file work_3.csv (CSV, C-alpha atoms (C1' of nucleotides))
chain,number,residue,atom,x,y,z
A,1,MET,CA,36.6,-1.1,-19.7
A,2,LEU,CA,38.6,0.9,-22.2
A,3,ASP,CA,40.3,4.1,-21.2
A,4,GLU,CA,41.1,7.1,-23.3
A,5,LEU,CA,44.6,5.8,-24.1
A,6,ASP,CA,43.2,2.4,-25.4
A,7,ARG,CA,40.8,4.3,-27.6
A,8,THR,CA,43.5,6.4,-29.0
A,9,ILE,CA,45.7,3.3,-29.7
A,10,ILE,CA,42.8,1.7,-31.4
A,11,GLU,CA,42.0,4.7,-33.6
A,12,ILE,CA,45.7,4.9,-34.7
A,13,LEU,CA,45.8,1.2,-35.4
A,14,ILE,CA,42.6,1.3,-37.5
A,15,ASP,CA,44.5,3.7,-39.8
A,16,ASP,CA,47.7,1.8,-39.8
A,17,ALA,CA,48.0,-1.5,-38.1
A,18,ARG,CA,51.7,-1.9,-39.1
A,19,ILE,CA,52.9,1.3,-37.3
A,20,SER,CA,55.9,0.6,-35.2
A,21,LEU,CA,55.5,0.3,-31.5
A,22,LYS,CA,57.9,3.1,-31.1
A,23,GLU,CA,55.9,5.6,-33.2
A,24,LEU,CA,52.7,4.4,-31.7
A,25,SER,CA,54.0,5.0,-28.2
A,26,GLN,CA,55.2,8.4,-29.1
A,27,LYS,CA,51.8,9.3,-30.4
A,28,VAL,CA,50.0,8.2,-27.3
A,29,GLY,CA,52.7,9.5,-24.9
A,30,LEU,CA,53.7,6.2,-23.3
A,31,SER,CA,56.8,4.1,-23.4
A,32,SER,CA,56.9,1.3,-25.9
A,33,PRO,CA,56.8,-1.5,-23.4
A,34,SER,CA,53.6,0.0,-22.0
A,35,VAL,CA,51.9,0.2,-25.3
A,36,SER,CA,53.1,-3.3,-26.1
A,37,GLU,CA,51.5,-4.5,-22.8
A,38,ARG,CA,48.2,-2.6,-23.6
A,39,LEU,CA,48.1,-4.3,-27.0
A,40,ARG,CA,48.6,-7.7,-25.5
A,41,ARG,CA,45.7,-7.0,-23.1
A,42,LEU,CA,43.4,-5.7,-25.8
A,43,GLU,CA,44.1,-8.8,-27.8
A,44,GLU,CA,43.6,-11.0,-24.7
A,45,LYS,CA,40.3,-9.3,-23.9
A,46,LYS,CA,39.3,-9.8,-27.6
A,47,VAL,CA,38.7,-6.1,-28.0
A,48,ILE,CA,41.1,-6.4,-30.9
A,49,ARG,CA,39.9,-9.5,-32.8
A,50,SER,CA,42.9,-9.5,-35.2
A,51,PHE,CA,45.3,-7.4,-37.1
A,52,THR,CA,44.4,-7.7,-40.7
A,53,VAL,CA,44.6,-6.2,-44.1
A,54,ASP,CA,41.9,-4.5,-46.1
A,55,ILE,CA,42.0,-5.9,-49.6
A,56,ASP,CA,40.2,-4.3,-52.5
A,57,PRO,CA,37.9,-6.9,-54.1
A,58,VAL,CA,38.2,-5.0,-57.4
A,59,ALA,CA,41.9,-5.8,-57.4
A,60,LEU,CA,41.0,-9.4,-57.3
A,61,GLY,CA,38.6,-9.1,-60.2
A,62,TYR,CA,35.4,-8.8,-58.2
A,63,SER,CA,34.1,-5.6,-59.6
A,64,LEU,CA,30.5,-6.2,-58.7
A,65,THR,CA,28.6,-6.5,-55.4
A,66,ALA,CA,25.1,-7.5,-54.6
A,67,ILE,CA,23.0,-7.8,-51.5
A,68,VAL,CA,20.8,-10.8,-51.4
A,69,ARG,CA,17.9,-11.5,-49.1
A,70,VAL,CA,17.2,-15.2,-48.8
A,71,ARG,CA,14.0,-16.8,-47.6
A,72,PRO,CA,14.4,-20.6,-47.5
A,73,LEU,CA,11.5,-22.8,-48.7
A,74,PRO,CA,9.8,-24.8,-45.9
A,75,GLY,CA,12.1,-27.3,-44.4
A,76,MET,CA,15.1,-26.0,-46.3
A,77,LEU,CA,16.6,-23.7,-43.7
A,78,HIS,CA,19.6,-25.8,-42.7
A,79,ILE,CA,20.4,-26.8,-46.3
A,80,VAL,CA,20.2,-23.2,-47.4
A,81,GLU,CA,22.5,-22.1,-44.5
A,82,ARG,CA,25.0,-24.7,-45.5
A,83,LEU,CA,24.8,-23.7,-49.2
A,84,ILE,CA,25.4,-20.1,-48.2
A,85,LYS,CA,28.4,-21.0,-46.1
A,86,GLU,CA,29.8,-23.1,-49.0
A,87,THR,CA,29.5,-20.3,-51.5
A,88,PRO,CA,32.7,-18.4,-51.2
A,89,GLU,CA,31.5,-15.4,-53.2
A,90,ILE,CA,29.1,-14.7,-50.3
A,91,THR,CA,31.5,-12.7,-48.2
A,92,GLU,CA,29.3,-12.0,-45.3
A,93,CYS,CA,25.8,-13.2,-44.2
A,94,ASP,CA,23.6,-12.5,-41.3
A,95,LYS,CA,20.6,-14.4,-40.0
A,96,VAL,CA,17.9,-11.9,-39.2
A,97,THR,CA,14.4,-11.5,-37.8
A,98,GLY,CA,11.6,-10.8,-40.2
A,99,ASP,CA,10.4,-12.3,-43.4
A,100,ASP,CA,13.9,-12.6,-44.8
A,101,CYS,CA,15.8,-15.2,-43.0
A,102,PHE,CA,19.3,-14.4,-44.3
A,103,ILE,CA,20.8,-11.2,-45.7
A,104,GLY,CA,24.1,-11.6,-47.4
A,105,LYS,CA,26.7,-9.7,-49.4
A,106,LEU,CA,27.9,-11.3,-52.7
A,107,GLN,CA,31.0,-10.4,-54.6
A,108,PHE,CA,31.1,-11.4,-58.3
A,109,ARG,CA,32.8,-10.7,-61.6
A,110,THR,CA,30.1,-11.0,-64.2
A,111,MET,CA,26.3,-11.1,-64.3
A,112,GLU,CA,26.6,-14.6,-65.5
A,113,GLN,CA,28.4,-15.6,-62.3
A,114,LEU,CA,25.7,-13.9,-60.3
A,115,ASP,CA,23.0,-15.8,-62.2
A,116,THR,CA,24.7,-19.1,-61.6
A,117,ILE,CA,24.9,-18.5,-57.9
A,118,LEU,CA,21.3,-17.3,-57.6
A,119,ASP,CA,20.1,-20.2,-59.6
A,120,ARG,CA,21.7,-22.6,-57.1
A,121,LEU,CA,19.9,-20.8,-54.3
A,122,ALA,CA,16.6,-20.6,-56.1
A,123,GLU,CA,16.1,-24.3,-55.9
A,124,LYS,CA,15.8,-24.0,-52.1
A,125,ALA,CA,14.8,-20.5,-51.3
A,126,GLU,CA,13.2,-17.3,-52.5
A,127,THR,CA,15.7,-14.6,-53.1
A,128,ASN,CA,15.6,-10.9,-53.6
A,129,THR,CA,18.7,-9.3,-55.0
A,130,SER,CA,19.9,-5.7,-55.1
A,131,ILE,CA,23.0,-4.7,-57.1
A,132,VAL,CA,25.2,-2.2,-55.2
A,133,LYS,CA,25.7,1.0,-57.2
A,134,SER,CA,27.8,2.8,-54.6
A,135,SER,CA,28.7,2.8,-51.0
A,136,PRO,CA,27.9,6.1,-49.3
A,137,VAL,CA,29.2,4.7,-46.0
A,138,LYS,CA,32.3,2.6,-46.1
A,139,ARG,CA,32.9,0.2,-43.3
A,140,ARG,CA,33.6,2.2,-40.1
A,141,LEU,CA,33.3,1.8,-36.4
A,142,PRO,CA,30.6,3.3,-34.3
A,143,PRO,CA,31.7,5.9,-31.8
A,144,LEU,CA,34.3,4.5,-29.4
A,145,SER,CA,33.1,6.4,-26.4
B,1,MET,CA,48.1,-9.2,-61.9
B,2,LEU,CA,48.9,-11.0,-58.7
B,3,ASP,CA,51.1,-14.0,-58.7
B,4,GLU,CA,51.1,-17.0,-56.3
B,5,LEU,CA,53.5,-15.3,-53.9
B,6,ASP,CA,51.4,-12.2,-53.7
B,7,ARG,CA,48.4,-14.2,-52.8
B,8,THR,CA,50.3,-16.1,-50.2
B,9,ILE,CA,51.5,-12.9,-48.7
B,10,ILE,CA,48.0,-11.5,-48.6
B,11,GLU,CA,46.6,-14.6,-47.0
B,12,ILE,CA,49.2,-14.5,-44.3
B,13,LEU,CA,48.5,-10.8,-43.7
B,14,ILE,CA,44.8,-11.3,-43.4
B,15,ASP,CA,45.5,-13.6,-40.5
B,16,ASP,CA,48.2,-11.3,-38.9
B,17,ALA,CA,49.0,-8.0,-40.3
B,18,ARG,CA,51.6,-7.3,-37.7
B,19,ILE,CA,53.8,-10.3,-38.5
B,20,SER,CA,57.4,-9.2,-38.9
B,21,LEU,CA,58.8,-8.9,-42.4
B,22,LYS,CA,61.4,-11.5,-41.5
B,23,GLU,CA,58.9,-14.2,-40.4
B,24,LEU,CA,56.6,-13.3,-43.4
B,25,SER,CA,59.5,-13.7,-45.8
B,26,GLN,CA,60.5,-17.1,-44.3
B,27,LYS,CA,56.9,-18.3,-44.8
B,28,VAL,CA,56.8,-17.3,-48.4
B,29,GLY,CA,60.4,-18.4,-49.1
B,30,LEU,CA,61.8,-15.0,-50.1
B,31,SER,CA,64.3,-12.6,-48.6
B,32,SER,CA,62.9,-9.8,-46.5
B,33,PRO,CA,63.8,-7.0,-48.9
B,34,SER,CA,61.9,-8.8,-51.6
B,35,VAL,CA,58.8,-9.1,-49.5
B,36,SER,CA,59.1,-5.5,-48.4
B,37,GLU,CA,59.2,-4.5,-52.1
B,38,ARG,CA,56.2,-6.6,-52.9
B,39,LEU,CA,54.3,-5.1,-50.0
B,40,ARG,CA,55.2,-1.6,-51.2
B,41,ARG,CA,53.8,-2.5,-54.7
B,42,LEU,CA,50.7,-4.1,-53.4
B,43,GLU,CA,50.0,-0.9,-51.5
B,44,GLU,CA,50.9,1.3,-54.4
B,45,LYS,CA,48.5,-0.7,-56.7
B,46,LYS,CA,45.8,-0.3,-54.0
B,47,VAL,CA,45.4,-4.1,-53.8
B,48,ILE,CA,46.1,-3.6,-50.1
B,49,ARG,CA,43.9,-0.7,-49.2
B,50,SER,CA,45.2,-0.5,-45.7
B,51,PHE,CA,46.6,-2.4,-42.7
B,52,THR,CA,44.0,-2.3,-40.0
B,53,VAL,CA,42.6,-3.8,-36.9
B,54,ASP,CA,39.4,-5.8,-36.4
B,55,ILE,CA,37.6,-4.5,-33.4
B,56,ASP,CA,34.8,-6.3,-31.7
B,57,PRO,CA,31.8,-4.0,-31.5
B,58,VAL,CA,30.6,-5.9,-28.5
B,59,ALA,CA,33.7,-4.8,-26.6
B,60,LEU,CA,32.7,-1.2,-27.3
B,61,GLY,CA,29.3,-1.8,-25.9
B,62,TYR,CA,27.5,-2.3,-29.2
B,63,SER,CA,25.9,-5.7,-28.6
B,64,LEU,CA,23.2,-5.4,-31.1
B,65,THR,CA,23.2,-5.2,-34.9
B,66,ALA,CA,20.4,-4.4,-37.4
B,67,ILE,CA,20.1,-4.3,-41.1
B,68,VAL,CA,18.0,-1.4,-42.3
B,69,ARG,CA,16.5,-0.9,-45.8
B,70,VAL,CA,15.7,2.7,-46.5
B,71,ARG,CA,13.4,4.1,-49.1
B,72,PRO,CA,13.5,7.9,-49.1
B,73,LEU,CA,10.2,9.8,-49.5
B,74,PRO,CA,9.9,11.7,-52.8
B,75,GLY,CA,12.5,14.5,-53.0
B,76,MET,CA,14.2,13.3,-49.9
B,77,LEU,CA,17.0,11.2,-51.4
B,78,HIS,CA,19.9,13.6,-50.8
B,79,ILE,CA,18.7,14.6,-47.3
B,80,VAL,CA,18.4,10.9,-46.4
B,81,GLU,CA,21.8,10.1,-47.7
B,82,ARG,CA,23.3,12.9,-45.7
B,83,LEU,CA,21.4,11.8,-42.6
B,84,ILE,CA,22.7,8.3,-43.0
B,85,LYS,CA,26.3,9.5,-43.4
B,86,GLU,CA,25.9,11.6,-40.3
B,87,THR,CA,24.6,8.7,-38.2
B,88,PRO,CA,27.8,7.2,-36.8
B,89,GLU,CA,25.9,4.1,-35.6
B,90,ILE,CA,25.4,3.2,-39.3
B,91,THR,CA,28.7,1.5,-39.8
B,92,GLU,CA,28.2,0.6,-43.5
B,93,CYS,CA,25.7,1.5,-46.1
B,94,ASP,CA,25.3,0.7,-49.8
B,95,LYS,CA,23.1,2.4,-52.4
B,96,VAL,CA,21.4,-0.3,-54.4
B,97,THR,CA,19.1,-1.0,-57.3
B,98,GLY,CA,15.5,-2.0,-56.6
B,99,ASP,CA,12.8,-0.7,-54.4
B,100,ASP,CA,15.0,0.0,-51.5
B,101,CYS,CA,17.4,2.7,-52.2
B,102,PHE,CA,19.9,2.2,-49.3
B,103,ILE,CA,20.8,-0.9,-47.3
B,104,GLY,CA,22.8,-0.3,-44.2
B,105,LYS,CA,24.1,-2.0,-41.1
B,106,LEU,CA,23.4,-0.4,-37.8
B,107,GLN,CA,25.3,-1.1,-34.5
B,108,PHE,CA,23.5,-0.2,-31.3
B,109,ARG,CA,23.4,-0.7,-27.5
B,110,THR,CA,19.7,-0.7,-26.6
B,111,MET,CA,16.4,-1.0,-28.3
B,112,GLU,CA,15.7,2.5,-27.2
B,113,GLN,CA,18.7,3.7,-29.2
B,114,LEU,CA,17.5,1.8,-32.3
B,115,ASP,CA,14.2,3.4,-31.9
B,116,THR,CA,15.6,6.9,-31.7
B,117,ILE,CA,17.7,6.4,-34.8
B,118,LEU,CA,14.8,4.9,-36.8
B,119,ASP,CA,12.5,7.7,-35.7
B,120,ARG,CA,14.9,10.3,-37.2
B,121,LEU,CA,14.9,8.4,-40.4
B,122,ALA,CA,11.2,7.8,-40.5
B,123,GLU,CA,10.5,11.5,-41.0
B,124,LYS,CA,12.1,11.3,-44.4
B,125,ALA,CA,12.0,7.7,-45.5
B,126,GLU,CA,10.2,4.4,-45.2
B,127,THR,CA,12.4,1.9,-43.4
B,128,ASN,CA,12.4,-1.8,-43.0
B,129,THR,CA,14.5,-3.2,-40.1
B,130,SER,CA,15.8,-6.7,-39.4
B,131,ILE,CA,17.6,-7.5,-36.2
B,132,VAL,CA,20.7,-9.7,-36.6
B,133,LYS,CA,20.4,-12.9,-34.7
B,134,SER,CA,23.6,-14.5,-35.8
B,135,SER,CA,26.2,-14.3,-38.5
B,136,PRO,CA,26.6,-17.6,-40.3
B,137,VAL,CA,29.3,-16.0,-42.6
B,138,LYS,CA,31.7,-13.7,-41.0
B,139,ARG,CA,33.4,-11.2,-43.2
B,140,ARG,CA,35.8,-13.0,-45.6
B,141,LEU,CA,37.3,-12.6,-49.0
B,142,PRO,CA,36.1,-14.3,-52.1
B,143,PRO,CA,38.6,-16.7,-53.7
B,144,LEU,CA,41.9,-15.0,-54.5
B,145,SER,CA,42.5,-16.9,-57.6
C,1,DA,C1',75.2,-11.6,-79.3
C,2,DT,C1',74.5,-7.9,-76.3
C,3,DC,C1',72.0,-4.8,-73.6
C,4,DC,C1',68.7,-3.5,-70.4
C,5,DA,C1',65.1,-4.2,-67.1
C,6,DT,C1',63.3,-6.8,-63.4
C,7,DG,C1',63.4,-9.2,-59.3
C,8,DC,C1',66.1,-11.6,-56.4
C,9,DT,C1',70.0,-12.3,-52.5
C,10,DT,C1',73.5,-10.9,-49.4
C,11,DG,C1',75.7,-8.4,-45.7
C,12,DA,C1',76.2,-4.4,-42.9
C,13,DC,C1',74.4,-0.9,-40.1
C,14,DG,C1',71.1,1.6,-37.6
C,15,DA,C1',66.5,1.2,-35.6
C,16,DA,C1',63.0,-1.2,-33.1
C,17,DC,C1',61.4,-4.8,-29.9
C,18,DT,C1',61.6,-7.6,-25.7
C,19,DT,C1',62.9,-8.7,-21.3
C,20,DG,C1',63.9,-8.0,-16.5
C,21,DA,C1',64.7,-5.0,-12.7
C,22,DC,C1',62.8,-1.4,-10.4
C,23,DC,C1',59.4,2.5,-9.0
C,24,DG,C1',55.2,4.7,-7.4
C,25,DA,C1',50.1,5.2,-6.9
C,26,DA,C1',45.8,3.1,-5.5
C,27,DC,C1',43.5,0.3,-2.5
C,28,DG,C1',42.1,-3.3,1.1
C,29,DA,C1',43.0,-5.5,5.3
C,30,DT,C1',44.9,-5.3,9.8
D,1,DA,C1',47.3,5.1,10.0
D,2,DT,C1',50.2,1.7,8.1
D,3,DC,C1',51.6,-2.2,5.8
D,4,DG,C1',51.4,-5.2,1.8
D,5,DT,C1',49.8,-6.3,-2.7
D,6,DT,C1',48.6,-5.3,-7.2
D,7,DC,C1',48.7,-2.8,-11.3
D,8,DG,C1',50.7,-0.1,-14.6
D,9,DG,C1',54.4,2.4,-15.7
D,10,DT,C1',59.7,3.6,-16.9
D,11,DC,C1',64.5,2.6,-18.0
D,12,DA,C1',68.3,0.1,-19.9
D,13,DA,C1',70.3,-4.2,-21.9
D,14,DG,C1',70.6,-7.5,-25.1
D,15,DT,C1',68.6,-9.3,-29.2
D,16,DT,C1',66.1,-9.1,-33.3
D,17,DC,C1',64.5,-6.8,-37.2
D,18,DG,C1',64.3,-3.6,-41.3
D,19,DT,C1',66.5,-1.0,-44.8
D,20,DC,C1',70.0,0.2,-47.9
D,21,DA,C1',73.5,-0.6,-51.3
D,22,DA,C1',75.7,-3.6,-54.2
D,23,DG,C1',75.8,-7.4,-57.1
D,24,DC,C1',73.9,-11.5,-59.6
D,25,DA,C1',70.6,-14.3,-62.6
D,26,DT,C1',66.9,-14.4,-65.9
D,27,DG,C1',64.6,-13.2,-69.9
D,28,DG,C1',62.9,-10.2,-73.7
D,29,DA,C1',64.0,-6.7,-77.3
D,30,DT,C1',67.2,-4.8,-80.5
call {"tool": "encode", "arguments": {"input": "work_3.csv", "output": "structure tokens"}}
result
Amino acid sequence: MLDELDRTIIEILIDDARISLKELSQKVGLSSPSVSERLRRLEEKKVIRSFTVDIDPVALGYSLTAIVRVRPLPGMLHIVERLIKETPEITECDKVTGDDCFIGKLQFRTMEQLDTILDRLAEKAETNTSIVKSSPVKRRLPPLS
Amino acid sequence: MLDELDRTIIEILIDDARISLKELSQKVGLSSPSVSERLRRLEEKKVIRSFTVDIDPVALGYSLTAIVRVRPLPGMLHIVERLIKETPEITECDKVTGDDCFIGKLQFRTMEQLDTILDRLAEKAETNTSIVKSSPVKRRLPPLS
DNA sequence: ATCCATGCTTGACGAACTTGACCGAACGAT
DNA sequence: ATCGTTCGGTCAAGTTCGTCAAGCATGGAT
């Protein structure tokens, strides 16, 4: 589905999505219209979901992160799911197998803010919260091969 | 620290990091050298960590995701941390407070592959694995304000 | 009141992007 | 085997874009 050139292009773009077509094409050894066309196809095939920017939450004042496991009380599943979606400080959340129904990541500024958010959840779910102390593995891609 | 214009710029870039300076400057109502300078400063201040590309793991063949909680056996903490870092299928991992020491996300292609990876961990840690069924909240930023 | 720093605009020039015409390799059908 | 089609590539043009230098307005400090 992806050839070696596509993978090289992607690896370069992960590092710098605003690189010029010209420079990118020189790095991969193709002409710029070719690379442009490959990019178009990669977007079309949804291999590239989007070009985006990685913002440091700390720079926005969110200096703390927690991981919250959420187990809705009986009958509360959909209400809890909506509440999670409507809590903007929850910056990602997965629905998973096992005792915990949801596992989410929460960005916050103060312990008081964390407390407020968890209190709102606690009316409808059992929660289990772990504060993030460090991130040994920063977001990365699995092997492209 | 960030004014309204910076936030607008960031919001636009989150959607499309490859937008031209010209178009971006029209959207925010400034000239392009001004926007260029603001971008430079946002990068300098590390508010913008990087311009990057969002790749669909499914397009790379990783159709399954799990969240793994890891509790190293006594004395194994550093070995386990190294093992996690050296497992490329673990695409992010945080060190947290609480009983679990690490919580990581794992991308994989087949259950067999998951089994192999967990077996390697099991020699040095207790693990607890949840398969991701869906993602009610896709990665997003907390409020910029 | 003046000076300076900051952040903006403008205009010009060089650089990069897009488009269309063309080429060649791979491959299926006749 | 050959023809025709498709796919992915190059090249060259016209157009658009980014960067740089110069200059102007605002606002705070002396």
call {"tool": "atom_distance", "arguments": {"input": "work_3.csv", "atom1": "C1' of DC22 in chain C", "atom2": "C1' of DT10 in chain D"}}
result
8.8 Å
call {"tool": "interface_residues", "arguments": {"input": "work_3.csv", "of": "chain A", "to": "chain D", "cutoff": "9 Å", "atoms": "all atoms listed in the file", "output": "ChimeraX atom specification"}}
result
/A:30-31,33-34
call {"tool": "write_last_selection", "arguments": {"input": "work_3.csv", "atoms": "C-alpha atoms", "output": "compact mmCIF listing (two decimals), in the frame of the given file"}}
result
# COMPACT_ATOMS: atom_id res chain seq x y z
CA LEU A 30 53.70 6.20 -23.30
CA SER A 31 56.80 4.10 -23.40
CA PRO A 33 56.80 -1.50 -23.40
CA SER A 34 53.60 0.00 -22.00
call {"tool": "closest_atom_pairs", "arguments": {"input": "work_3.csv", "of": "chain C", "to": "chain B", "cutoff": "12 Å", "atoms": "all atoms listed in the file", "output": "Markdown table"}}
result
| residue | atom | partner | partner_atom | distance |
| --- | --- | --- | --- | --- |
| C:DG7 | C1' | B:Ser34 | CA | 7.9 |
| C:DC8 | C1' | B:Ser34 | CA | 7.0 |
| C:DT9 | C1' | B:Ser31 | CA | 6.9 |
| C:DT10 | C1' | B:Ser31 | CA | 9.4 |
| C:DA16 | C1' | B:Ser20 | CA | 11.4 |
| C:DC17 | C1' | B:Ser20 | CA | 10.8 |
call {"tool": "atom_distance", "arguments": {"input": "work_3.csv", "atom1": "CA of Phe102 in chain A", "atom2": "CA of Arg71 in chain A"}}
result
6.7 Å
call {"tool": "atom_distance", "arguments": {"input": "work_3.csv", "atom1": "CA of Ala125 in chain B", "atom2": "CA of Gly104 in chain B"}}
result
13.5 Å
call {"tool": "interface_residues", "arguments": {"input": "work_3.csv", "of": "chain A", "to": "chain B", "cutoff": "8 Å", "atoms": "only C-alpha atoms", "output": "compact mmCIF listing (two decimals) with C-alpha atoms, keeping the file's coordinate frame"}}
result
# COMPACT_ATOMS: atom_id res chain seq x y z
CA ILE A 10 42.80 1.70 -31.40
CA LEU A 13 45.80 1.20 -35.40
CA ILE A 14 42.60 1.30 -37.50
CA ASP A 15 44.50 3.70 -39.80
CA ASP A 16 47.70 1.80 -39.80
CA ALA A 17 48.00 -1.50 -38.10
CA ARG A 18 51.70 -1.90 -39.10
CA LYS A 46 39.30 -9.80 -27.60
CA VAL A 47 38.70 -6.10 -28.00
CA ILE A 48 41.10 -6.40 -30.90
CA ARG A 49 39.90 -9.50 -32.80
CA SER A 50 42.90 -9.50 -35.20
CA PHE A 51 45.30 -7.40 -37.10
CA THR A 52 44.40 -7.70 -40.70
CA VAL A 53 44.60 -6.20 -44.10
CA ASP A 54 41.90 -4.50 -46.10
CA ILE A 55 42.00 -5.90 -49.60
CA ASP A 56 40.20 -4.30 -52.50
CA PRO A 57 37.90 -6.90 -54.10
CA ALA A 59 41.90 -5.80 -57.40
CA LEU A 60 41.00 -9.40 -57.30
CA GLU A 81 22.50 -22.10 -44.50
CA ILE A 84 25.40 -20.10 -48.20
CA LYS A 85 28.40 -21.00 -46.10
CA PRO A 88 32.70 -18.40 -51.20
CA GLU A 89 31.50 -15.40 -53.20
CA ILE A 90 29.10 -14.70 -50.30
CA THR A 91 31.50 -12.70 -48.20
CA GLU A 92 29.30 -12.00 -45.30
CA CYS A 93 25.80 -13.20 -44.20
CA ASP A 94 23.60 -12.50 -41.30
CA LYS A 95 20.60 -14.40 -40.00
CA VAL A 96 17.90 -11.90 -39.20
CA THR A 97 14.40 -11.50 -37.80
CA GLY A 98 11.60 -10.80 -40.20
CA GLN A 107 31.00 -10.40 -54.60
CA SER A 130 19.90 -5.70 -55.10
CA ILE A 131 23.00 -4.70 -57.10
CA VAL A 132 25.20 -2.20 -55.20
CA LYS A 133 25.70 1.00 -57.20
CA SER A 134 27.80 2.80 -54.60
CA SER A 135 28.70 2.80 -51.00
CA PRO A 136 27.90 6.10 -49.30
CA VAL A 137 29.20 4.70 -46.00
CA LYS A 138 32.30 2.60 -46.10
CA ARG A 139 32.90 0.20 -43.30
CA ARG A 140 33.60 2.20 -40.10
CA LEU A 141 33.30 1.80 -36.40
CA PRO A 142 30.60 3.30 -34.30
CA PRO A 143 31.70 5.90 -31.80
CA LEU A 144 34.30 4.50 -29.40
CA SER A 145 33.10 6.40 -26.40
call {"tool": "decode", "arguments": {"input": "work_3.csv", "residues": "range 18-30 of chain D", "atoms": "N, CA, C and O atoms (P, O5', C5', C4', C3', O3' and C1' of nucleotides)", "output": "short mmCIF file (atom, residue, chain, number, x, y, z; two decimals), in the first residue's frame"}}
result
data_model
loop_
_atom_site.label_atom_id
_atom_site.label_comp_id
_atom_site.auth_asym_id
_atom_site.auth_seq_id
_atom_site.Cartn_x
_atom_site.Cartn_y
_atom_site.Cartn_z
P DG D 18 3.32 31.85 1.61
"O5'" DG D 18 4.83 32.35 1.56
"C5'" DG D 18 5.87 31.41 1.31
"C4'" DG D 18 7.21 32.05 1.54
"C3'" DG D 18 7.39 32.69 2.91
"O3'" DG D 18 8.69 32.32 3.37
"C1'" DG D 18 7.68 34.34 1.20
P DT D 19 9.30 32.93 4.75
"O5'" DT D 19 10.25 34.12 4.24
"C5'" DT D 19 11.09 33.89 3.13
"C4'" DT D 19 11.98 35.09 2.91
"C3'" DT D 19 12.41 35.82 4.18
"O3'" DT D 19 13.76 36.19 3.99
"C1'" DT D 19 11.25 37.31 2.77
P DC D 20 14.67 36.66 5.26
"O5'" DC D 20 15.19 38.10 4.80
"C5'" DC D 20 15.50 38.33 3.42
"C4'" DC D 20 15.37 39.81 3.11
"C3'" DC D 20 15.77 40.74 4.26
"O3'" DC D 20 16.79 41.61 3.81
"C1'" DC D 20 13.66 41.37 3.32
P DA D 21 17.62 42.49 4.88
"O5'" DA D 21 17.21 43.96 4.45
"C5'" DA D 21 17.02 44.25 3.07
"C4'" DA D 21 16.29 45.57 2.93
"C3'" DA D 21 16.66 46.60 3.99
"O3'" DA D 21 16.82 47.86 3.37
"C1'" DA D 21 14.31 46.24 4.01
P DA D 22 17.34 49.14 4.21
"O5'" DA D 22 16.06 50.09 4.19
"C5'" DA D 22 15.31 50.22 2.98
"C4'" DA D 22 13.99 50.89 3.30
"C3'" DA D 22 14.10 52.02 4.33
"O3'" DA D 22 13.50 53.19 3.82
"C1'" DA D 22 12.39 50.51 4.94
P DG D 23 13.52 54.56 4.68
"O5'" DG D 23 12.02 54.63 5.22
"C5'" DG D 23 10.94 54.39 4.33
"C4'" DG D 23 9.66 54.30 5.13
"C3'" DG D 23 9.54 55.38 6.22
"O3'" DG D 23 8.21 55.86 6.23
"C1'" DG D 23 9.23 53.28 7.17
P DC D 24 7.83 57.25 6.97
"O5'" DC D 24 6.50 56.90 7.75
"C5'" DC D 24 5.49 56.10 7.12
"C4'" DC D 24 4.62 55.48 8.20
"C3'" DC D 24 4.27 56.43 9.34
"O3'" DC D 24 2.89 56.32 9.62
"C1'" DC D 24 5.17 54.43 10.20
P DA D 25 2.14 57.46 10.47
"O5'" DA D 25 1.59 56.66 11.72
"C5'" DA D 25 0.71 55.56 11.51
"C4'" DA D 25 0.59 54.79 12.80
"C3'" DA D 25 0.23 55.63 14.03
"O3'" DA D 25 -0.76 54.94 14.74
"C1'" DA D 25 2.19 54.39 14.46
P DT D 26 -1.64 55.73 15.84
"O5'" DT D 26 -1.41 54.90 17.17
"C5'" DT D 26 -1.26 53.46 17.10
"C4'" DT D 26 -0.45 52.99 18.28
"C3'" DT D 26 -0.74 53.73 19.59
"O3'" DT D 26 -1.25 52.79 20.52
"C1'" DT D 26 1.60 53.44 19.25
P DG D 27 -1.89 53.30 21.92
"O5'" DG D 27 -0.72 53.01 22.97
"C5'" DG D 27 0.03 51.79 22.84
"C4'" DG D 27 1.20 51.84 23.80
"C3'" DG D 27 0.93 52.66 25.07
"O3'" DG D 27 1.62 52.05 26.14
"C1'" DG D 27 2.77 53.55 23.97
P DG D 28 1.16 52.29 27.65
"O5'" DG D 28 2.49 52.00 28.46
"C5'" DG D 28 3.42 51.02 27.95
"C4'" DG D 28 4.82 51.43 28.33
"C3'" DG D 28 4.96 52.11 29.70
"O3'" DG D 28 6.12 51.61 30.33
"C1'" DG D 28 5.81 53.54 28.01
P DA D 29 6.52 52.05 31.80
"O5'" DA D 29 7.91 52.81 31.56
"C5'" DA D 29 8.93 52.19 30.77
"C4'" DA D 29 10.12 53.11 30.69
"C3'" DA D 29 10.47 53.79 32.01
"O3'" DA D 29 11.89 53.87 32.13
"C1'" DA D 29 9.93 55.43 30.38
P DT D 30 12.58 54.50 33.43
"O5'" DT D 30 13.25 55.84 32.88
"C5'" DT D 30 14.02 55.78 31.68
"C4'" DT D 30 14.37 57.17 31.23
"C3'" DT D 30 14.86 58.10 32.34
"O3'" DT D 30 16.02 58.80 31.88
"C1'" DT D 30 13.04 59.11 31.20
#
